[in-house]
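So the structure is just underneath, and the comments pick up after that.
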Amino acid sequence: MSAVALHPTRCPICQTEGNAAQLYPANFDPRAFNPAVFSARRLPDRLHYRLVRCATCELVRSDPVAEAGALARLYAQSSFDYGEEVRHIRRTYGRYLARLKGPRGALLEVGCGNGFLLEEALDQGWDQVWGVEPSQAAVAQAAPRVQGRIRCDVLRPGLFAPASFDAICMFQVFDHLPDPGSLLPECLGLLRPGGRLLLLNHNVAAWSARLLGERSPIVDIEHTCLYSPATLGRLVARRGFRVEGAGAVLNDYSLHYLARLLPLPGGIKGCLLALLQGSALGRFCLRVPLGNLWLVARRPEEG
Ligand SMILES: [Zn+2]
């Protein structure tokens, strides 16, 4: 695998370059880039870019990062590995989707994987669902009722007609975007006036992230930025959205999946996972605040 060139990033909120304090130095070799590293729900391997916190707006971001084109190619080839956990993920995301106010007309999910949440949205009474997903492997696994509704692509201008959606959602996607600030105007334009944006992603202000610091699984090479409810609210407000609410997410997880996230030495973790794999104990489901946040913002009616 050839080395990937890194380039400096700009704070997507206040647009400054530099102007930030280093939190952690990078801990990888640029030759380590390959599709497996950019696959959903892979075993955390603690690889990360240099992380900094903006001195003006406190947003945590990776700096420098690989160029967007290289990332797009990696995500296009990435594998898809939700496994048994998809049941719990669907239940968690579905709870936050169900709380969205407004008409259940047309919904777009950006980074929809195999479209399991699009199915959930149909079950919740949405008339029309659309998804965008760069991973060919994920789209190939979509159920027949949503397969034709997923564009194998990244969200870009011209993919959908302006003002055609009542809601746009992104689950565990927003912190992966190479240029989050520029995707928001695209989302704003795709929403009808009053339409809602629902984001669910990691929360850098959560107790787990603060406690684990650099050892937290969210400090990861896949994450361009790490948000708190405050910094994510600032970013979407800066791009013309009106924030309706934000807070901590309660996740449904199996004990087996929680064990995967534990910061344990490889050998001990391997034994624990083998013990829980396929057992009734491993399938036991818990609802815990595991370091994610939700945010709902609206396109202003006059906007
Ligand atoms: Zn900033």
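Chains: A, B, ... in order of the structure tokens. Residues: from 1 per chain. Ligands: from 1, in order shown.
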
Expected answer as a ChimeraX atom specification: helix (DSSP H, G or I) residues in segment 79-152 of chain A: /A:83-98,116-123,136-140,144-147

What residues of the protein or nucleic acid chains come within 7 Å of ligand 1 when you use only C-alpha atoms and all ligand atoms? Reply as an NGL selection string. :A and (11-16 or 54-59)

For N, CA and C atoms, I'd like the residues from the last selection saved as a CSV table (one decimal), in the first residue's frame.
chain,number,residue,atom,x,y,z
A,11,CYS,N,-10.4,24.7,10.8
A,11,CYS,CA,-11.6,24.5,11.7
A,11,CYS,C,-12.8,24.8,10.9
A,12,PRO,N,-13.8,23.8,10.8
A,12,PRO,CA,-15.0,24.1,10.0
A,12,PRO,C,-15.9,25.1,10.6
A,13,ILE,N,-15.7,25.4,11.9
A,13,ILE,CA,-16.6,26.4,12.5
A,13,ILE,C,-16.1,27.8,12.3
A,14,CYS,N,-14.8,28.1,12.7
A,14,CYS,CA,-14.3,29.5,12.7
A,14,CYS,C,-13.4,29.7,11.5
A,15,GLN,N,-13.1,28.6,10.7
A,15,GLN,CA,-12.4,28.7,9.4
A,15,GLN,C,-10.9,29.0,9.7
A,16,THR,N,-10.4,28.9,10.9
A,16,THR,CA,-9.0,29.2,11.1
A,16,THR,C,-8.1,28.0,10.8
A,54,CYS,N,-9.4,23.6,18.7
A,54,CYS,CA,-9.4,25.0,18.2
A,54,CYS,C,-9.4,25.9,19.4
A,55,ALA,N,-8.5,26.9,19.3
A,55,ALA,CA,-8.4,27.9,20.4
A,55,ALA,C,-9.6,28.8,20.5
A,56,THR,N,-10.3,29.0,19.4
A,56,THR,CA,-11.4,29.9,19.3
A,56,THR,C,-12.7,29.3,19.7
A,57,CYS,N,-13.0,28.1,19.0
A,57,CYS,CA,-14.4,27.5,19.2
A,57,CYS,C,-14.4,26.2,19.9
A,58,GLU,N,-13.2,25.7,20.3
A,58,GLU,CA,-13.0,24.4,21.1
A,58,GLU,C,-13.3,23.2,20.3
A,59,LEU,N,-13.6,23.3,19.0
A,59,LEU,CA,-13.9,22.0,18.2
A,59,LEU,C,-12.6,21.2,18.1

Taking 3 positions as the minimum chain separation for residues in the same chain, which residues sit within 12 Å of Leu250 of chain A when counting only C-alpha atoms? Answer as a PDB file with N, CA and C atoms, in the first residue's frame.
ATOM      1  N   HIS A  88     -29.626  -4.163  17.452  1.00  0.00           N
ATOM      2  CA  HIS A  88     -29.550  -3.179  18.533  1.00  0.00           C
ATOM      3  C   HIS A  88     -29.337  -1.776  17.981  1.00  0.00           C
ATOM      4  N   ILE A  89     -28.522  -1.693  16.926  1.00  0.00           N
ATOM      5  CA  ILE A  89     -28.258  -0.376  16.331  1.00  0.00           C
ATOM      6  C   ILE A  89     -29.560   0.184  15.764  1.00  0.00           C
ATOM      7  N   ARG A  91     -32.568  -0.443  16.711  1.00  0.00           N
ATOM      8  CA  ARG A  91     -33.452  -0.040  17.800  1.00  0.00           C
ATOM      9  C   ARG A  91     -33.026   1.332  18.351  1.00  0.00           C
ATOM     10  N   THR A  92     -31.712   1.519  18.526  1.00  0.00           N
ATOM     11  CA  THR A  92     -31.211   2.796  19.049  1.00  0.00           C
ATOM     12  C   THR A  92     -31.523   3.935  18.071  1.00  0.00           C
ATOM     13  N   TYR A  93     -31.095   3.795  16.810  1.00  0.00           N
ATOM     14  CA  TYR A  93     -31.299   4.872  15.830  1.00  0.00           C
ATOM     15  C   TYR A  93     -32.798   5.118  15.630  1.00  0.00           C
ATOM     16  N   GLY A  94     -33.571   4.030  15.619  1.00  0.00           N
ATOM     17  CA  GLY A  94     -35.012   4.137  15.408  1.00  0.00           C
ATOM     18  C   GLY A  94     -35.691   4.973  16.473  1.00  0.00           C
ATOM     19  N   ARG A  95     -35.212   4.867  17.725  1.00  0.00           N
ATOM     20  CA  ARG A  95     -35.805   5.667  18.813  1.00  0.00           C
ATOM     21  C   ARG A  95     -35.632   7.151  18.548  1.00  0.00           C
ATOM     22  N   TYR A  96     -34.458   7.553  18.032  1.00  0.00           N
ATOM     23  CA  TYR A  96     -34.214   8.984  17.788  1.00  0.00           C
ATOM     24  C   TYR A  96     -34.923   9.443  16.519  1.00  0.00           C
ATOM     25  N   LEU A 200     -26.478  11.807  14.671  1.00  0.00           N
ATOM     26  CA  LEU A 200     -26.132  11.012  15.847  1.00  0.00           C
ATOM     27  C   LEU A 200     -24.692  10.558  15.645  1.00  0.00           C
ATOM     28  N   ASN A 201     -23.809  10.959  16.535  1.00  0.00           N
ATOM     29  CA  ASN A 201     -22.397  10.562  16.412  1.00  0.00           C
ATOM     30  C   ASN A 201     -21.706  10.621  17.765  1.00  0.00           C
ATOM     31  N   HIS A 202     -20.407  10.414  17.743  1.00  0.00           N
ATOM     32  CA  HIS A 202     -19.655  10.379  18.998  1.00  0.00           C
ATOM     33  C   HIS A 202     -19.678  11.733  19.700  1.00  0.00           C
ATOM     34  N   ASN A 203     -19.553  11.662  21.026  1.00  0.00           N
ATOM     35  CA  ASN A 203     -19.596  12.866  21.852  1.00  0.00           C
ATOM     36  C   ASN A 203     -18.276  12.995  22.608  1.00  0.00           C
ATOM     37  N   ALA A 206     -18.431  13.404  26.384  1.00  0.00           N
ATOM     38  CA  ALA A 206     -19.011  12.353  27.235  1.00  0.00           C
ATOM     39  C   ALA A 206     -18.013  11.929  28.309  1.00  0.00           C
ATOM     40  N   GLY A 247     -28.308  16.288  22.851  1.00  0.00           N
ATOM     41  CA  GLY A 247     -28.052  15.662  24.147  1.00  0.00           C
ATOM     42  C   GLY A 247     -27.351  14.327  24.006  1.00  0.00           C
ATOM     43  N   TYR A 253     -26.980  -2.120  23.411  1.00  0.00           N
ATOM     44  CA  TYR A 253     -25.805  -2.890  23.007  1.00  0.00           C
ATOM     45  C   TYR A 253     -25.873  -4.285  23.607  1.00  0.00           C
ATOM     46  N   LEU A 286     -28.043  -4.320  26.913  1.00  0.00           N
ATOM     47  CA  LEU A 286     -28.035  -3.244  27.904  1.00  0.00           C
ATOM     48  C   LEU A 286     -28.315  -1.925  27.211  1.00  0.00           C
ATOM     49  N   ARG A 287     -28.960  -0.993  27.896  1.00  0.00           N
ATOM     50  CA  ARG A 287     -29.162   0.357  27.355  1.00  0.00           C
ATOM     51  C   ARG A 287     -28.298   1.322  28.180  1.00  0.00           C
ATOM     52  N   VAL A 288     -27.247   1.832  27.534  1.00  0.00           N
ATOM     53  CA  VAL A 288     -26.265   2.620  28.278  1.00  0.00           C
ATOM     54  C   VAL A 288     -25.887   3.896  27.527  1.00  0.00           C
ATOM     55  N   PRO A 289     -25.543   4.946  28.272  1.00  0.00           N
ATOM     56  CA  PRO A 289     -25.053   6.163  27.607  1.00  0.00           C
ATOM     57  C   PRO A 289     -23.590   5.962  27.241  1.00  0.00           C
ATOM     58  N   LEU A 290     -23.327   5.515  26.021  1.00  0.00           N
ATOM     59  CA  LEU A 290     -21.968   5.093  25.688  1.00  0.00           C
ATOM     60  C   LEU A 290     -21.210   6.108  24.851  1.00  0.00           C
ATOM     61  N   GLY A 291     -21.415   7.379  25.176  1.00  0.00           N
ATOM     62  CA  GLY A 291     -20.551   8.368  24.544  1.00  0.00           C
ATOM     63  C   GLY A 291     -20.996   8.855  23.182  1.00  0.00           C
ATOM     64  N   ASN A 292     -22.316   8.752  22.866  1.00  0.00           N
ATOM     65  CA  ASN A 292     -22.815   9.335  21.631  1.00  0.00           C
ATOM     66  C   ASN A 292     -23.699  10.537  21.938  1.00  0.00           C
ATOM     67  N   LEU A 293     -23.861  11.384  20.931  1.00  0.00           N
ATOM     68  CA  LEU A 293     -24.760  12.528  21.081  1.00  0.00           C
ATOM     69  C   LEU A 293     -25.755  12.545  19.931  1.00  0.00           C
ATOM     70  N   TRP A 294     -26.903  13.192  20.164  1.00  0.00           N
ATOM     71  CA  TRP A 294     -27.867  13.426  19.085  1.00  0.00           C
ATOM     72  C   TRP A 294     -28.059  14.928  18.965  1.00  0.00           C
TER      73      TRP A 294
END

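Distance check against Cys112 of chain A using only C-alpha atoms: of A:Gly125, A:Gly213, A:Pro134, A:Pro64, the minimum falls on A:Pro134.
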
List the spatial neighbours of Leu235 of chain A as number ranges by chain - criterion: any atom at most 12 Å away, only C-alpha atoms, same-chain residues fewer than 4 positions off excluded. A: 11-15, 57-59, 174, 179-185, 225-231, 239-243, 295, 297

What is the distance, in Å and to one decimal place, between atom CA of Arg196 of chain A and atom CA of Arg234 of chain A?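 Straight-line distance from atom CA of Arg196 of chain A to atom CA of Arg234 of chain A works out to 16.3 Å.
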
Any idea what the distance is between atom CA of Arg87 of chain A and atom CA of Arg283 of chain A?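 Distance between the two atoms: 11.0 Å.
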
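With only C-alpha atoms as the atoms that count, the residue of A:Val296, A:Pro217, A:Leu212, A:Phe284 with the shortest distance to Gly233 of chain A is A:Val296.
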
Which value, in Å to one decimal, gives the distance between atom CA of Ala106 of chain A and atom CA of Ile168 of chain A?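 Between these atoms lies a distance of 8.8 Å.
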
From a DSSP pass on the backbone, collect the residues of segment 57-86 of chain A flagged as strand (DSSP E or B) and hand them back as a ChimeraX atom specification. /A:60-62,65-66

Mind checking which residues fall within 10 Å of Ala72 of chain A, counting only C-alpha atoms, ignoring those fewer than 2 positions away in the same chain, and posting them as a PDB file with N, CA and C atoms, in the first residue's frame?
ATOM      1  N   PHE A  38     -10.805   1.567   7.218  1.00  0.00           N
ATOM      2  CA  PHE A  38     -11.933   2.471   7.039  1.00  0.00           C
ATOM      3  C   PHE A  38     -13.261   1.711   6.916  1.00  0.00           C
ATOM      4  N   GLU A  67      -6.053  13.423   1.978  1.00  0.00           N
ATOM      5  CA  GLU A  67      -6.947  14.220   1.118  1.00  0.00           C
ATOM      6  C   GLU A  67      -8.263  13.480   0.862  1.00  0.00           C
ATOM      7  N   ALA A  68      -9.337  14.268   0.614  1.00  0.00           N
ATOM      8  CA  ALA A  68     -10.694  13.730   0.549  1.00  0.00           C
ATOM      9  C   ALA A  68     -10.836  12.621  -0.502  1.00  0.00           C
ATOM     10  N   GLY A  69     -10.162  12.765  -1.644  1.00  0.00           N
ATOM     11  CA  GLY A  69     -10.269  11.761  -2.709  1.00  0.00           C
ATOM     12  C   GLY A  69      -9.764  10.396  -2.252  1.00  0.00           C
ATOM     13  N   ALA A  70      -8.648  10.397  -1.506  1.00  0.00           N
ATOM     14  CA  ALA A  70      -8.095   9.136  -0.999  1.00  0.00           C
ATOM     15  C   ALA A  70      -9.075   8.493  -0.027  1.00  0.00           C
ATOM     16  N   LEU A  74     -11.113   4.832  -0.190  1.00  0.00           N
ATOM     17  CA  LEU A  74     -11.041   3.833   0.884  1.00  0.00           C
ATOM     18  C   LEU A  74     -12.443   3.422   1.330  1.00  0.00           C
ATOM     19  N   TYR A  75     -13.353   4.425   1.479  1.00  0.00           N
ATOM     20  CA  TYR A  75     -14.713   4.096   1.919  1.00  0.00           C
ATOM     21  C   TYR A  75     -15.454   3.293   0.852  1.00  0.00           C
ATOM     22  N   ALA A  76     -15.170   3.575  -0.440  1.00  0.00           N
ATOM     23  CA  ALA A  76     -15.839   2.838  -1.523  1.00  0.00           C
ATOM     24  C   ALA A  76     -15.479   1.353  -1.458  1.00  0.00           C
ATOM     25  N   GLN A  77     -14.234   1.055  -1.027  1.00  0.00           N
ATOM     26  CA  GLN A  77     -13.778  -0.339  -0.976  1.00  0.00           C
ATOM     27  C   GLN A  77     -13.952  -0.968   0.404  1.00  0.00           C
ATOM     28  N   SER A  78     -14.456  -0.175   1.367  1.00  0.00           N
ATOM     29  CA  SER A  78     -14.487  -0.676   2.739  1.00  0.00           C
ATOM     30  C   SER A  78     -15.491  -1.817   2.856  1.00  0.00           C
ATOM     31  N   PRO A 134     -21.360   5.113   0.103  1.00  0.00           N
ATOM     32  CA  PRO A 134     -20.234   4.878  -0.803  1.00  0.00           C
ATOM     33  C   PRO A 134     -19.767   3.419  -0.883  1.00  0.00           C
ATOM     34  N   SER A 135     -20.023   2.605   0.150  1.00  0.00           N
ATOM     35  CA  SER A 135     -19.496   1.236   0.147  1.00  0.00           C
ATOM     36  C   SER A 135     -20.351   0.319  -0.734  1.00  0.00           C
ATOM     37  N   ASP A 153     -22.784   6.195  -3.702  1.00  0.00           N
ATOM     38  CA  ASP A 153     -22.105   7.454  -3.997  1.00  0.00           C
ATOM     39  C   ASP A 153     -21.855   8.174  -2.662  1.00  0.00           C
ATOM     40  N   VAL A 154     -21.223   9.338  -2.744  1.00  0.00           N
ATOM     41  CA  VAL A 154     -21.185  10.248  -1.591  1.00  0.00           C
ATOM     42  C   VAL A 154     -22.165  11.378  -1.908  1.00  0.00           C
ATOM     43  N   LEU A 177     -16.753  12.785   7.966  1.00  0.00           N
ATOM     44  CA  LEU A 177     -16.744  13.587   6.741  1.00  0.00           C
ATOM     45  C   LEU A 177     -15.458  14.386   6.601  1.00  0.00           C
ATOM     46  N   PRO A 178     -14.850  14.365   5.403  1.00  0.00           N
ATOM     47  CA  PRO A 178     -13.613  15.116   5.216  1.00  0.00           C
ATOM     48  C   PRO A 178     -13.844  16.630   5.307  1.00  0.00           C
TER      49      PRO A 178
END

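When only C-alpha atoms are used to measure the gap to Arg238 of chain A, the shortest distance among A:Val173, A:Leu188, A:Leu100, A:Ala121 belongs to A:Leu188.
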